[in-house]
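Dumped structure-v5.csv below, it's CSV, C-alpha atoms:
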chain,number,residue,atom,x,y,z
C,1191,MET,CA,-23.0,9.4,12.9
C,1192,ILE,CA,-20.2,10.6,10.7
C,1193,GLY,CA,-17.3,9.0,12.6
C,1194,GLN,CA,-15.5,12.3,13.2
C,1195,PRO,CA,-14.4,13.4,16.7
C,1196,ARG,CA,-16.3,16.3,18.2
C,1197,THR,CA,-13.1,18.0,19.3
C,1198,THR,CA,-12.2,18.5,15.7
C,1199,GLN,CA,-15.3,20.6,15.2
C,1200,ARG,CA,-14.8,22.8,18.3
C,1201,ARG,CA,-11.1,23.3,18.5
C,1202,GLU,CA,-9.6,26.2,16.7
C,1203,GLY,CA,-6.0,25.9,15.4
C,1204,HIS,CA,-3.5,28.5,16.3
C,1205,THR,CA,-0.3,29.5,14.6
C,1206,PRO,CA,2.7,30.6,16.6
C,1207,GLU,CA,3.6,34.2,16.2
C,1208,ASP,CA,7.2,33.3,15.2
C,1209,GLU,CA,6.1,31.1,12.3
C,1210,ALA,CA,6.4,33.8,9.6
C,1211,ALA,CA,10.0,34.5,10.7
C,1212,LEU,CA,10.8,30.8,10.8
C,1213,VAL,CA,9.4,30.3,7.2
C,1214,ALA,CA,11.5,33.3,6.0
C,1215,ASP,CA,14.6,31.8,7.5
C,1216,MET,CA,13.7,28.4,6.1
C,1217,ILE,CA,13.3,29.9,2.6
C,1218,GLU,CA,16.6,31.8,2.9
C,1219,LEU,CA,18.4,28.6,3.8
C,1220,THR,CA,16.7,26.8,0.9
C,1221,ARG,CA,18.0,29.4,-1.5
C,1222,GLN,CA,21.4,29.1,-0.1
C,1223,TYR,CA,21.5,25.3,-0.1
C,1224,GLY,CA,19.4,24.3,-3.1
C,1225,ARG,CA,19.9,20.6,-2.8
C,1226,TYR,CA,19.0,20.3,0.8
C,1227,GLY,CA,15.6,18.7,1.8
C,1228,TYR,CA,13.5,19.5,4.9
C,1229,ARG,CA,15.5,17.2,7.1
C,1230,ARG,CA,18.9,18.8,6.3
C,1231,ILE,CA,17.4,22.3,6.6
C,1232,ALA,CA,16.2,21.5,10.1
C,1233,ALA,CA,19.8,21.2,11.4
C,1234,PRO,CA,20.9,24.8,10.4
C,1235,LEU,CA,17.6,26.1,11.8
C,1236,ARG,CA,18.3,24.5,15.1
C,1237,SER,CA,21.9,25.8,15.2
C,1238,ALA,CA,20.5,29.3,14.4
C,1239,GLY,CA,18.5,29.1,17.6
C,1240,TRP,CA,15.1,27.9,16.4
C,1241,GLU,CA,13.4,25.2,18.5
C,1242,VAL,CA,12.0,23.0,15.7
C,1243,ASN,CA,11.8,19.3,15.0
C,1244,LYS,CA,11.7,17.8,11.6
C,1245,LYS,CA,8.0,17.2,11.6
C,1246,ARG,CA,7.3,21.0,12.0
C,1247,VAL,CA,9.8,21.8,9.3
C,1248,GLU,CA,8.2,19.2,7.0
C,1249,ARG,CA,4.7,20.7,7.6
C,1250,LEU,CA,5.9,24.2,6.8
C,1251,TRP,CA,8.0,22.9,3.8
C,1252,ARG,CA,4.9,21.3,2.3
C,1253,ARG,CA,2.7,24.3,3.0
C,1254,GLU,CA,5.1,26.6,1.2
C,1255,GLY,CA,5.3,24.2,-1.8
C,1256,LEU,CA,9.1,23.7,-1.5
C,1257,LYS,CA,10.7,20.8,-3.3
C,1258,VAL,CA,14.2,19.6,-3.8
C,1259,PRO,CA,15.0,19.7,-7.6
C,1260,ALA,CA,15.5,16.3,-9.1
C,1261,ARG,CA,19.0,15.4,-10.1
C,1262,GLN,CA,19.6,15.6,-13.8
C,1263,PRO,CA,20.9,12.3,-15.3
C,1264,ARG,CA,24.4,12.3,-16.7
C,1265,ARG,CA,24.6,12.2,-20.4
C,1266,ARG,CA,26.1,9.0,-21.7
C,1267,ARG,CA,28.6,9.2,-24.5
C,1268,LEU,CA,30.2,6.6,-26.7
C,1269,TRP,CA,33.4,5.0,-25.4
C,1270,LEU,CA,36.7,4.9,-27.2
C,1271,ASN,CA,37.4,1.7,-29.1
C,1272,ASP,CA,40.2,0.6,-26.8
C,1273,GLY,CA,37.8,0.2,-23.9
C,1274,SER,CA,39.1,3.2,-21.9
C,1275,CYS,CA,36.8,5.2,-19.7
C,1276,VAL,CA,37.2,8.5,-21.4
C,1277,ARG,CA,34.0,9.6,-23.0
C,1278,LEU,CA,34.0,11.6,-26.2
C,1279,ARG,CA,32.5,15.0,-26.3
C,1280,PRO,CA,31.2,16.0,-29.7
C,1281,MET,CA,33.2,19.0,-31.0
C,1282,ARG,CA,32.0,19.2,-34.6
C,1283,ARG,CA,29.6,17.5,-37.0
C,1284,ASN,CA,30.2,13.8,-37.6
C,1285,HIS,CA,32.7,13.6,-34.6
C,1286,VAL,CA,30.6,11.3,-32.3
C,1287,TRP,CA,27.8,9.1,-33.4
C,1288,ALA,CA,25.4,7.1,-31.2
C,1289,TYR,CA,23.1,4.2,-32.2
C,1290,ASP,CA,20.3,2.5,-30.5
C,1291,PHE,CA,17.9,-0.4,-31.1
C,1292,VAL,CA,14.2,0.2,-30.7
C,1293,GLU,CA,11.6,-2.6,-30.8
C,1294,ASP,CA,7.9,-2.4,-31.4
C,1295,ARG,CA,5.0,-4.6,-32.5
C,1296,THR,CA,2.7,-4.4,-35.4
C,1297,HIS,CA,-1.1,-4.5,-35.0
C,1298,GLY,CA,-1.0,-8.2,-35.7
C,1299,GLY,CA,1.5,-8.7,-32.8
C,1300,ARG,CA,4.7,-9.4,-34.9
C,1301,LYS,CA,7.9,-7.8,-33.6
C,1302,TYR,CA,10.0,-5.4,-35.7
C,1303,ARG,CA,13.2,-3.6,-34.8
C,1304,MET,CA,14.6,-0.2,-35.7
C,1305,ARG,CA,18.3,0.8,-35.5
C,1306,CYS,CA,18.6,4.6,-35.2
C,1307,LEU,CA,22.0,6.3,-35.9
C,1308,ILE,CA,22.3,9.9,-34.7
C,1309,ASP,CA,25.0,12.5,-34.8
C,1310,GLU,CA,25.5,13.7,-31.2
C,1311,PHE,CA,26.7,17.2,-32.1
C,1312,THR,CA,23.8,18.2,-34.4
C,1313,ARG,CA,21.3,15.7,-33.0
C,1314,GLU,CA,20.4,14.8,-36.5
C,1315,CYS,CA,19.2,11.3,-37.4
C,1316,LEU,CA,21.7,9.9,-40.0
C,1317,ALA,CA,19.9,6.6,-40.6
C,1318,ILE,CA,17.0,4.5,-39.5
C,1319,ARG,CA,17.0,0.8,-40.5
C,1320,VAL,CA,13.7,-1.1,-40.0
C,1321,ALA,CA,13.7,-4.9,-40.3
C,1322,TRP,CA,12.1,-7.9,-38.7
C,1323,ARG,CA,15.6,-9.0,-37.6
C,1324,ILE,CA,18.8,-6.9,-37.4
C,1325,ASN,CA,22.0,-9.0,-37.2
C,1326,SER,CA,25.6,-7.7,-36.9
C,1327,PHE,CA,26.1,-7.8,-40.7
C,1328,GLY,CA,23.2,-5.4,-41.1
C,1329,VAL,CA,24.6,-3.0,-38.4
C,1330,ILE,CA,28.0,-2.9,-40.1
C,1331,GLU,CA,26.4,-2.4,-43.5
C,1332,ALA,CA,24.4,0.5,-42.2
C,1333,PHE,CA,27.5,2.1,-40.6
C,1334,ALA,CA,29.4,1.7,-43.9
C,1335,ASP,CA,26.5,3.4,-45.8
C,1336,ALA,CA,26.4,6.3,-43.3
C,1337,MET,CA,30.2,6.8,-43.5
C,1338,LEU,CA,30.2,6.9,-47.3

In structure tokens, what does this structure look like?
Amino acid sequence: MIGQPRTTQRREGHTPEDEAALVADMIELTRQYGRYGYRRIAAPLRSAGWEVNKKRVERLWRREGLKVPARQPRRRRLWLNDGSCVRLRPMRRNHVWAYDFVEDRTHGGRKYRMRCLIDEFTRECLAIRVAWRINSFGVIEAFADAML
């Protein structure tokens, strides 16, 4: 006994004759509304006269390999010194810098930190400071070295 119903072995599936036209309309709506998923595409299909539910649209959506493109994350920029919400866009070399701290461990398990300073216009790494501990004095010193 395989635990499979006998009706699954004898019953032949049938596809409705209007399915090709439905898929064509669905793909056209997907091109028109790129950010819509299968649930939101089902509503315009219904208003166009198709008698579909979201389960049928989902089945056809998956069969056709359609996907909603993932949202691109917003690029974060440095803020102005006065705390305002205007983000600087790099216009030229050395206009906007960004820094970040990266932490890793040695083979022996000891932590070390790296502070990376990059130019956002050229995407060039201006300085990498590696140390067991990085305090505020070390950060200011590294900025002063980069500015000189």

Inset, instruction - Extract, using only C-alpha atoms, all DNA, RNA and protein residues at most 12 Å from Cys1315 of chain C, discarding same-chain residues fewer than 5 positions from it, and format them as a PyMOL selection string. - result: chain C and resi 1284+1287-1290+1305-1310+1336

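Here atom CA of Val1213 of chain C is placed at a distance of 7.0 Å from atom CA of Leu1250 of chain C.
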
Excluding Val1292 of chain C and any residue of its chain fewer than 5 positions from it, enumerate the residues within 12 Å of it, using only C-alpha atoms, and give them as an mmCIF file with C-alpha atoms, in the coordinates of the input.
data_model
loop_
_atom_site.group_PDB
_atom_site.id
_atom_site.type_symbol
_atom_site.label_atom_id
_atom_site.label_comp_id
_atom_site.auth_asym_id
_atom_site.auth_seq_id
_atom_site.Cartn_x
_atom_site.Cartn_y
_atom_site.Cartn_z
ATOM 1 C CA LYS C 1301 7.900 -7.800 -33.600
ATOM 2 C CA TYR C 1302 10.000 -5.400 -35.700
ATOM 3 C CA ARG C 1303 13.200 -3.600 -34.800
ATOM 4 C CA MET C 1304 14.600 -0.200 -35.700
ATOM 5 C CA ARG C 1305 18.300 0.800 -35.500
ATOM 6 C CA CYS C 1306 18.600 4.600 -35.200
ATOM 7 C CA LEU C 1307 22.000 6.300 -35.900
ATOM 8 C CA ILE C 1318 17.000 4.500 -39.500
ATOM 9 C CA ARG C 1319 17.000 0.800 -40.500
ATOM 10 C CA VAL C 1320 13.700 -1.100 -40.000
ATOM 11 C CA ALA C 1321 13.700 -4.900 -40.300
ATOM 12 C CA TRP C 1322 12.100 -7.900 -38.700
ATOM 13 C CA ARG C 1323 15.600 -9.000 -37.600
ATOM 14 C CA ILE C 1324 18.800 -6.900 -37.400
#

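Note that atom CA of Glu1218 of chain C and atom CA of Trp1240 of chain C are 14.1 Å apart.
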
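Taking atom CA of Ala1210 of chain C and atom CA of Lys1244 of chain C as the two end points, the separation is 17.0 Å.
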
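Proximity ranking of C:Gly1193, C:Phe1311, C:Ser1237, C:Arg1246 relative to Pro1206 of chain C places C:Arg1246 first, based on all atoms listed in the file.
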
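Among C:Gly1203, C:Gly1299, C:Gly1328, C:Pro1280, the residue with the shortest atom-to-atom distance to Thr1312 of chain C, counting all atoms listed in the file, is C:Pro1280.
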